[in-house]
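A.B. asks: Let me begin by handing over the structure; questions about it come next.
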Amino acid sequence: MAKLKEEYQNFLEDIEKNLKNKEDLDYVKARFSMFVDKVIDEMDMLIDYKEERMKELEEKQKEIDDKMNKMQQIIDNIEKDIYSEEGFDFEIVCPYCDNQFVIDVDENKTEVECPVCNNIIELDWSGDLEEDTECNGSCSGCHGCDEEQEEEPEQENKEENDDDM
């Protein structure tokens, strides 16, 4: 702003040097003064508008920051619930005695002992649901061994009948 005032003073001095007629000089000074007043009024209005917009933006930014803080608190609470220091609990149903019990998730553990029947239960943390293991007939929930044994004689009889034909 100081530079603008200096430029204004230089302009007035230049006019005084170049205009010798006192009436012309007073007219130019008055006219220029009116012009400068209008420019200053416009600048003041522009500054007021910009200040108003800045306040609005600051308020909106504060609202956004508040919302972000609330969201972060919710995320932190969710993470705390999911990844609590106590670890995850994992529910096991013993395939031998159907006892349900809970263990902490530990992917390094490959087996756990049932607290009721003391049988060892193998743990598979891979998430694959494929049943690659053969049933040995000792599990209480699976009757697959009996079905396989029943199917085999029927299969043999069918093959024998096919050979006879």
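By convention here, the chains of the structure tokens are called A, B, ... in the order presented, each chain's residues are numbered starting at 1, and ligands are numbered starting at 1 in the order presented.
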Run DSSP on the backbone and tell me which residues of range 2-144 of chain A come out as alpha helix (DSSP H); list them as a PyMOL selection string.
C.D. replies: chain A and resi 2-18+22-82+144
A.B. asks: Considering only C-alpha atoms, return as a short mmCIF file (atom, residue, chain, number, x, y, z; two decimals) with N, CA and C atoms, in the first residue's frame whatever protein or nucleic-acid residues lie within 9 Å of Pro115 in chain A, sequence-local ones (same chain, fewer than 4 positions apart) excluded.
C.D. replies:
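result34.cif, freshly written:
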```
data_model
loop_
_atom_site.label_atom_id
_atom_site.label_comp_id
_atom_site.auth_asym_id
_atom_site.auth_seq_id
_atom_site.Cartn_x
_atom_site.Cartn_y
_atom_site.Cartn_z
N ASN A 99 -18.02 -80.47 21.66
CA ASN A 99 -17.85 -79.41 22.65
C ASN A 99 -17.45 -78.12 21.93
N PHE A 101 -15.74 -74.45 22.30
CA PHE A 101 -14.86 -73.66 23.16
C PHE A 101 -14.18 -72.59 22.33
N ASN A 119 -8.88 -84.74 22.94
CA ASN A 119 -8.40 -85.09 21.59
C ASN A 119 -7.71 -83.88 20.98
#
```
A.B. asks: Find the distance between CA of Phe11 in chain A and CA of Asp48 in chain A and write it in Å to one decimal.
C.D. replies: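 So the two atoms, CA of Phe11 in chain A and CA of Asp48 in chain A, lie 27.7 Å apart.
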A.B. asks: Out of A:Asp66, A:Glu79, A:Ile74, A:Ile121, which residue has the shortest atom-to-atom distance to Asp98 in chain A when counting only C-alpha atoms?
C.D. replies: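 The closest residue to Asp98 in chain A is A:Ile121.
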A.B. asks: Measuring between only C-alpha atoms, which one of A:Lys17, A:Lys109, A:Arg31, A:Lys55 shows the shortest distance to Trp125 in chain A?
C.D. replies: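 Using only C-alpha atoms, the shortest distance to Trp125 in chain A belongs to A:Lys109.
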A.B. asks: Show which residues sit within 12 Å of Asn118 in chain A, as a list of chain:residue names. Count only C-alpha atoms, and ignore same-chain residues fewer than 5 positions away.
C.D. replies: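 Contacts, in chain order: A:Cys94, A:Pro95, A:Tyr96, A:Cys97, A:Asn99, A:Glu111, A:Val112, A:Glu113.
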A.B. asks: Just write the chosen residues, C-alpha atoms, as a PDB file, in the first residue's frame.
C.D. replies:
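Once written, part08.pdb looks like this:
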```pdb
ATOM      1  CA  CYS A  94     -14.653 -80.355  18.653  1.00  0.00           C
ATOM      2  CA  PRO A  95     -15.295 -82.904  15.882  1.00  0.00           C
ATOM      3  CA  TYR A  96     -14.972 -85.725  18.430  1.00  0.00           C
ATOM      4  CA  CYS A  97     -17.331 -84.659  21.241  1.00  0.00           C
ATOM      5  CA  ASN A  99     -17.851 -79.411  22.653  1.00  0.00           C
ATOM      6  CA  GLU A 111      -3.261 -77.855  16.745  1.00  0.00           C
ATOM      7  CA  VAL A 112      -5.262 -77.476  19.954  1.00  0.00           C
ATOM      8  CA  GLU A 113      -6.449 -79.920  22.580  1.00  0.00           C
TER       9      GLU A 113
END
```
